[in-house]
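Undergrad: Quick one, protein03.tsv (TSV, N, CA and C atoms and all ligand atoms):
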chain	number	residue	atom	x	y	z
A	1	MET	N	26.92	1.40	-5.10
A	1	MET	CA	27.14	0.38	-4.06
A	1	MET	C	27.11	-1.01	-4.70
A	2	GLU	N	28.06	-1.82	-4.35
A	2	GLU	CA	28.12	-3.15	-4.92
A	2	GLU	C	27.22	-4.11	-4.16
A	3	ALA	N	26.60	-4.99	-4.91
A	3	ALA	CA	25.79	-6.04	-4.30
A	3	ALA	C	26.62	-7.31	-4.30
A	4	LEU	N	26.79	-7.87	-3.13
A	4	LEU	CA	27.61	-9.08	-3.03
A	4	LEU	C	26.73	-10.33	-2.90
A	5	CYS	N	27.13	-11.35	-3.61
A	5	CYS	CA	26.40	-12.61	-3.59
A	5	CYS	C	26.44	-13.21	-2.17
A	6	PRO	N	25.26	-13.63	-1.65
A	6	PRO	CA	25.25	-14.21	-0.30
A	6	PRO	C	25.96	-15.56	-0.23
A	7	GLN	N	26.18	-16.21	-1.37
A	7	GLN	CA	26.84	-17.51	-1.38
A	7	GLN	C	28.36	-17.38	-1.48
A	8	CYS	N	28.81	-16.64	-2.51
A	8	CYS	CA	30.24	-16.63	-2.78
A	8	CYS	C	30.89	-15.27	-2.54
A	9	HIS	N	30.06	-14.27	-2.19
A	9	HIS	CA	30.55	-12.93	-1.86
A	9	HIS	C	31.29	-12.24	-3.00
A	10	GLN	N	30.97	-12.62	-4.22
A	10	GLN	CA	31.47	-11.88	-5.38
A	10	GLN	C	30.46	-10.79	-5.72
A	11	ALA	N	30.94	-9.75	-6.38
A	11	ALA	CA	30.03	-8.70	-6.83
A	11	ALA	C	29.08	-9.25	-7.89
A	12	MET	N	27.80	-8.89	-7.74
A	12	MET	CA	26.80	-9.39	-8.69
A	12	MET	C	26.47	-8.33	-9.73
A	13	GLN	N	25.95	-8.78	-10.84
A	13	GLN	CA	25.52	-7.88	-11.91
A	13	GLN	C	24.04	-7.57	-11.74
A	14	TRP	N	23.67	-6.36	-12.11
A	14	TRP	CA	22.25	-5.98	-12.12
A	14	TRP	C	21.71	-6.30	-13.50
A	15	VAL	N	20.77	-7.22	-13.58
A	15	VAL	CA	20.21	-7.63	-14.87
A	15	VAL	C	18.69	-7.57	-14.82
A	16	LYS	N	18.12	-6.70	-15.62
A	16	LYS	CA	16.66	-6.66	-15.81
A	16	LYS	C	15.88	-6.81	-14.50
A	17	GLY	N	16.15	-5.98	-13.56
A	17	GLY	CA	15.32	-5.96	-12.36
A	17	GLY	C	15.74	-6.91	-11.26
A	18	HIS	N	16.84	-7.62	-11.44
A	18	HIS	CA	17.33	-8.46	-10.35
A	18	HIS	C	18.85	-8.56	-10.44
A	19	TYR	N	19.44	-9.16	-9.44
A	19	TYR	CA	20.89	-9.35	-9.43
A	19	TYR	C	21.23	-10.76	-9.89
A	20	HIS	N	22.34	-10.83	-10.61
A	20	HIS	CA	22.76	-12.13	-11.11
A	20	HIS	C	24.21	-12.37	-10.70
A	21	CYS	N	24.47	-13.55	-10.10
A	21	CYS	CA	25.84	-13.92	-9.76
A	21	CYS	C	26.37	-14.83	-10.86
A	22	GLU	N	27.42	-14.34	-11.53
A	22	GLU	CA	27.99	-15.14	-12.62
A	22	GLU	C	28.69	-16.37	-12.10
A	23	ALA	N	29.28	-16.27	-10.92
A	23	ALA	CA	30.01	-17.41	-10.37
A	23	ALA	C	29.07	-18.56	-10.01
A	24	CYS	N	27.93	-18.23	-9.42
A	24	CYS	CA	26.99	-19.27	-8.97
A	24	CYS	C	25.89	-19.55	-10.01
A	25	HIS	N	25.78	-18.70	-11.01
A	25	HIS	CA	24.67	-18.80	-11.97
A	25	HIS	C	23.33	-18.76	-11.25
A	26	ARG	N	23.22	-17.82	-10.30
A	26	ARG	CA	21.97	-17.68	-9.57
A	26	ARG	C	21.49	-16.24	-9.63
A	27	ASP	N	20.18	-16.09	-9.44
A	27	ASP	CA	19.58	-14.76	-9.44
A	27	ASP	C	19.06	-14.44	-8.04
A	28	TYR	N	19.22	-13.17	-7.68
A	28	TYR	CA	18.77	-12.73	-6.36
A	28	TYR	C	18.02	-11.41	-6.48
A	29	ARG	N	17.16	-11.18	-5.50
A	29	ARG	CA	16.60	-9.84	-5.40
A	29	ARG	C	17.01	-9.24	-4.07
A	30	GLN	N	17.00	-7.92	-4.04
A	30	GLN	CA	17.49	-7.21	-2.85
A	30	GLN	C	16.33	-6.93	-1.90
A	31	LEU	N	16.57	-7.18	-0.63
A	31	LEU	CA	15.63	-6.80	0.41
A	31	LEU	C	16.24	-5.69	1.23
A	32	ALA	N	15.46	-4.66	1.51
A	32	ALA	CA	15.92	-3.57	2.37
A	32	ALA	C	15.15	-3.66	3.68
A	33	GLU	N	15.89	-3.74	4.79
A	33	GLU	CA	15.24	-3.86	6.10
A	33	GLU	C	15.64	-2.70	7.00
A	34	CYS	N	14.71	-2.35	7.89
A	34	CYS	CA	14.96	-1.30	8.88
A	34	CYS	C	15.96	-1.82	9.92
A	35	PRO	N	17.00	-1.04	10.24
A	35	PRO	CA	17.98	-1.49	11.24
A	35	PRO	C	17.40	-1.52	12.66
A	36	GLU	N	16.28	-0.84	12.86
A	36	GLU	CA	15.69	-0.78	14.20
A	36	GLU	C	14.75	-1.96	14.44
A	37	CYS	N	13.86	-2.21	13.47
A	37	CYS	CA	12.81	-3.20	13.72
A	37	CYS	C	12.90	-4.41	12.78
A	38	ARG	N	13.87	-4.39	11.86
A	38	ARG	CA	14.07	-5.53	10.95
A	38	ARG	C	12.86	-5.82	10.08
A	39	GLN	N	12.04	-4.83	9.86
A	39	GLN	CA	10.90	-5.00	8.96
A	39	GLN	C	11.28	-4.46	7.57
A	40	PRO	N	10.65	-4.99	6.52
A	40	PRO	CA	10.96	-4.49	5.17
A	40	PRO	C	10.64	-3.00	5.05
A	41	LEU	N	11.50	-2.28	4.37
A	41	LEU	CA	11.30	-0.85	4.16
A	41	LEU	C	10.58	-0.61	2.85
A	42	GLN	N	9.80	0.47	2.85
A	42	GLN	CA	9.16	0.90	1.61
A	42	GLN	C	10.14	1.74	0.83
A	43	GLU	N	10.28	1.47	-0.47
A	43	GLU	CA	11.18	2.26	-1.32
A	43	GLU	C	10.41	3.42	-1.92
A	44	LEU	N	10.93	4.61	-1.72
A	44	LEU	CA	10.33	5.79	-2.31
A	44	LEU	C	11.28	6.31	-3.38
A	45	LYS	N	10.86	6.22	-4.64
A	45	LYS	CA	11.73	6.65	-5.72
A	45	LYS	C	11.37	8.06	-6.15
A	46	ALA	N	12.35	8.93	-6.14
A	46	ALA	CA	12.12	10.32	-6.52
A	46	ALA	C	13.39	10.89	-7.13
A	47	CYS	N	13.25	11.51	-8.29
A	47	CYS	CA	14.37	12.21	-8.94
A	47	CYS	C	15.62	11.35	-9.07
A	48	GLY	N	15.47	10.09	-9.37
A	48	GLY	CA	16.62	9.23	-9.57
A	48	GLY	C	17.24	8.72	-8.29
A	49	ALA	N	16.78	9.22	-7.15
A	49	ALA	CA	17.30	8.74	-5.86
A	49	ALA	C	16.23	7.86	-5.21
A	50	VAL	N	16.67	7.03	-4.31
A	50	VAL	CA	15.73	6.17	-3.59
A	50	VAL	C	15.82	6.47	-2.10
A	51	ASP	N	14.68	6.72	-1.50
A	51	ASP	CA	14.62	6.86	-0.05
A	51	ASP	C	13.94	5.63	0.52
A	52	TYR	N	14.31	5.29	1.75
A	52	TYR	CA	13.73	4.12	2.38
A	52	TYR	C	12.94	4.56	3.60
A	53	LEU	N	11.68	4.14	3.63
A	53	LEU	CA	10.78	4.56	4.70
A	53	LEU	C	10.34	3.35	5.51
A	54	CYS	N	10.51	3.46	6.84
A	54	CYS	CA	10.01	2.42	7.73
A	54	CYS	C	8.56	2.73	8.05
A	55	GLN	N	7.71	1.75	7.85
A	55	GLN	CA	6.29	1.96	8.10
A	55	GLN	C	5.92	1.64	9.55
A	56	ASN	N	6.91	1.33	10.36
A	56	ASN	CA	6.66	1.05	11.76
A	56	ASN	C	7.11	2.19	12.66
A	57	GLY	N	7.17	3.40	12.11
A	57	GLY	CA	7.41	4.57	12.94
A	57	GLY	C	8.86	5.00	13.04
A	58	HIS	N	9.77	4.41	12.27
A	58	HIS	CA	11.16	4.84	12.32
A	58	HIS	C	11.50	5.86	11.23
A	59	GLY	N	10.51	6.21	10.44
A	59	GLY	CA	10.69	7.28	9.46
A	59	GLY	C	11.63	6.92	8.33
A	60	LEU	N	12.21	7.95	7.72
A	60	LEU	CA	13.15	7.72	6.62
A	60	LEU	C	14.45	7.17	7.17
A	61	ILE	N	14.96	6.14	6.53
A	61	ILE	CA	16.20	5.51	6.96
A	61	ILE	C	17.29	5.85	5.95
A	62	SER	N	18.39	6.41	6.42
A	62	SER	CA	19.52	6.72	5.56
A	62	SER	C	20.02	5.44	4.89
A	63	LYS	N	20.39	5.57	3.62
A	63	LYS	CA	20.82	4.39	2.87
A	63	LYS	C	21.99	3.69	3.55
A	64	LYS	N	22.81	4.46	4.25
A	64	LYS	CA	23.96	3.86	4.95
A	64	LYS	C	23.53	2.94	6.07
A	65	ARG	N	22.32	3.18	6.61
A	65	ARG	CA	21.88	2.39	7.76
A	65	ARG	C	20.96	1.24	7.36
A	66	VAL	N	20.49	1.27	6.11
A	66	VAL	CA	19.59	0.21	5.66
A	66	VAL	C	20.33	-1.13	5.67
A	67	LEU	N	19.65	-2.16	6.13
A	67	LEU	CA	20.23	-3.51	6.08
A	67	LEU	C	19.79	-4.16	4.78
A	68	PHE	N	20.76	-4.42	3.93
A	68	PHE	CA	20.43	-5.06	2.66
A	68	PHE	C	20.73	-6.56	2.76
A	69	SER	N	19.82	-7.34	2.25
A	69	SER	CA	20.09	-8.76	2.16
A	69	SER	C	19.59	-9.23	0.80
A	70	TYR	N	19.96	-10.43	0.42
A	70	TYR	CA	19.63	-10.92	-0.91
A	70	TYR	C	18.99	-12.29	-0.78
A	71	VAL	N	17.87	-12.42	-1.46
A	71	VAL	CA	17.15	-13.68	-1.43
A	71	VAL	C	16.98	-14.17	-2.85
A	72	PRO	N	16.87	-15.49	-3.04
A	72	PRO	CA	16.73	-16.01	-4.39
A	72	PRO	C	15.56	-15.35	-5.12
A	73	TRP	N	15.81	-14.98	-6.34
A	73	TRP	CA	14.81	-14.30	-7.15
A	73	TRP	C	14.02	-15.36	-7.93
A	74	VAL	N	12.72	-15.21	-7.87
A	74	VAL	CA	11.85	-16.13	-8.59
A	74	VAL	C	11.12	-15.37	-9.68
A	75	GLU	N	11.25	-15.85	-10.89
A	75	GLU	CA	10.64	-15.16	-12.01
A	75	GLU	C	9.13	-15.06	-11.81
A	76	GLY	N	8.58	-13.87	-12.07
A	76	GLY	CA	7.15	-13.68	-11.96
A	76	GLY	C	6.70	-13.14	-10.61
A	77	GLU	N	7.63	-13.03	-9.67
A	77	GLU	CA	7.23	-12.49	-8.36
A	77	GLU	C	7.09	-10.99	-8.40
B	1	ZN	ZN	27.72	-16.29	-6.10
B	2	ZN	ZN	11.65	0.35	11.70
What would the structure in this file look like if it were written as structure tokens?
Ligand SMILES: [Zn+2]
Ligand SMILES: [Zn+2]

TA:
Amino acid sequence: MEALCPQCHQAMQWVKGHYHCEACHRDYRQLAECPECRQPLQELKACGAVDYLCQNGHGLISKKRVLFSYVPWVEGE
């Protein structure tokens, strides 16, 4: 799945734990939110796949339904 820059909507590169937009020279990190309650989802990593779990009672959220957004990445966070 491609990550698109929230500023210029170009595909971003994955660099060392964050996304980098070459066009804007900015770094972003990905936020996964529950489509039901808009709360951050917990990432469960298993066997190379990632599952998303809502901790507010919506259970596992299919990756297709997860709302992804991108916020500026700050080194050290
Ligand atoms: Zn950009
Ligand atoms: Zn939820």

Undergrad: Taking only C-alpha atoms and all ligand atoms into account, report as a PyMOL selection string which residues have an atom no farther than 6 Å from an atom of ligand ZN 1 (chain B).

TA: chain A and resi 5+7-8+10+21+23-24

Undergrad: Could you tell me which of A:His9, A:His20, A:His58, A:Arg65 comes closest to ligand ZN 2 (chain B) if we count only N, CA and C atoms and all ligand atoms?

TA: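 Closest candidate: A:His58.
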
Undergrad: Figure out the distance between atom CA of Gln30 of chain A and atom CA of Phe68 of chain A, please, to one decimal in Å.

TA: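 Computed distance, atom CA of Phe68 of chain A to atom CA of Gln30 of chain A, equals 6.6 Å.
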
Undergrad: Per residue of chain A within 6 Å of ligand ZN 2 (chain B), record the nearest atom pair and its distance in Å to one decimal, counting only C-alpha atoms and all ligand atoms, with rows in chain order and ascending residue number, as CSV.

TA:
residue,atom,partner,partner_atom,distance
A:Cys34,CA,B:ZN2,ZN,4.7
A:Glu36,CA,B:ZN2,ZN,4.9
A:Cys37,CA,B:ZN2,ZN,4.2
A:Cys54,CA,B:ZN2,ZN,4.8
A:Asn56,CA,B:ZN2,ZN,5.0
A:His58,CA,B:ZN2,ZN,4.6

Undergrad: Work out how far apart atom C of Tyr19 of chain A and atom C of Val66 of chain A are and give it in Å to one decimal.

TA: 18.3 Å

Undergrad: For Pro6 of chain A, please output as a ChimeraX atom specification all residues within 8 Å (counting all atoms listed in the file; exclusion window: fewer than 6 positions along the same chain).

TA: /A:69-71

Undergrad: Using only N, CA and C atoms, which of the listed residues (A:Leu4, A:Val15, A:Leu67, A:Cys47) sits closest to Pro35 of chain A?

TA: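 Of all the options, A:Leu67 lies closest to Pro35 of chain A.
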
Undergrad: Could you tell me how far atom CA of Gly59 of chain A sits from atom CA of Trp73 of chain A, in Å to one decimal place?

TA: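 Atom-to-atom, atom CA of Trp73 of chain A and atom CA of Gly59 of chain A are spaced 27.5 Å apart.
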
Undergrad: What parts of chain A does DSSP call strand (DSSP E)? I'd like the answer as a PyMOL selection string.

TA: chain A and resi 13-15+18-21+26-33+42-46+49-54+59-61+67-72

Undergrad: Name the residues in contact with Asp51 of chain A at a cut-off of 7 Å, using all atoms listed in the file, excluding same-chain residues fewer than 5 positions from it; report them as a list in words.

TA: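 So the residues in contact are Gln42, Glu43, Leu44, Lys45, Ala46, Leu60, Ile61 and Lys63 of chain A.
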
Undergrad: Counting only C-alpha atoms, which residue out of A:Gly17, A:Pro40, A:Leu31, A:Ala49 sits closest to Glu75 of chain A?

TA: A:Gly17

Undergrad: Given the choices A:Glu33, A:Arg38, A:Gln55, A:Tyr28, which gets closest to Pro72 of chain A if the distance is worked out from only N, CA and C atoms?

TA: A:Tyr28
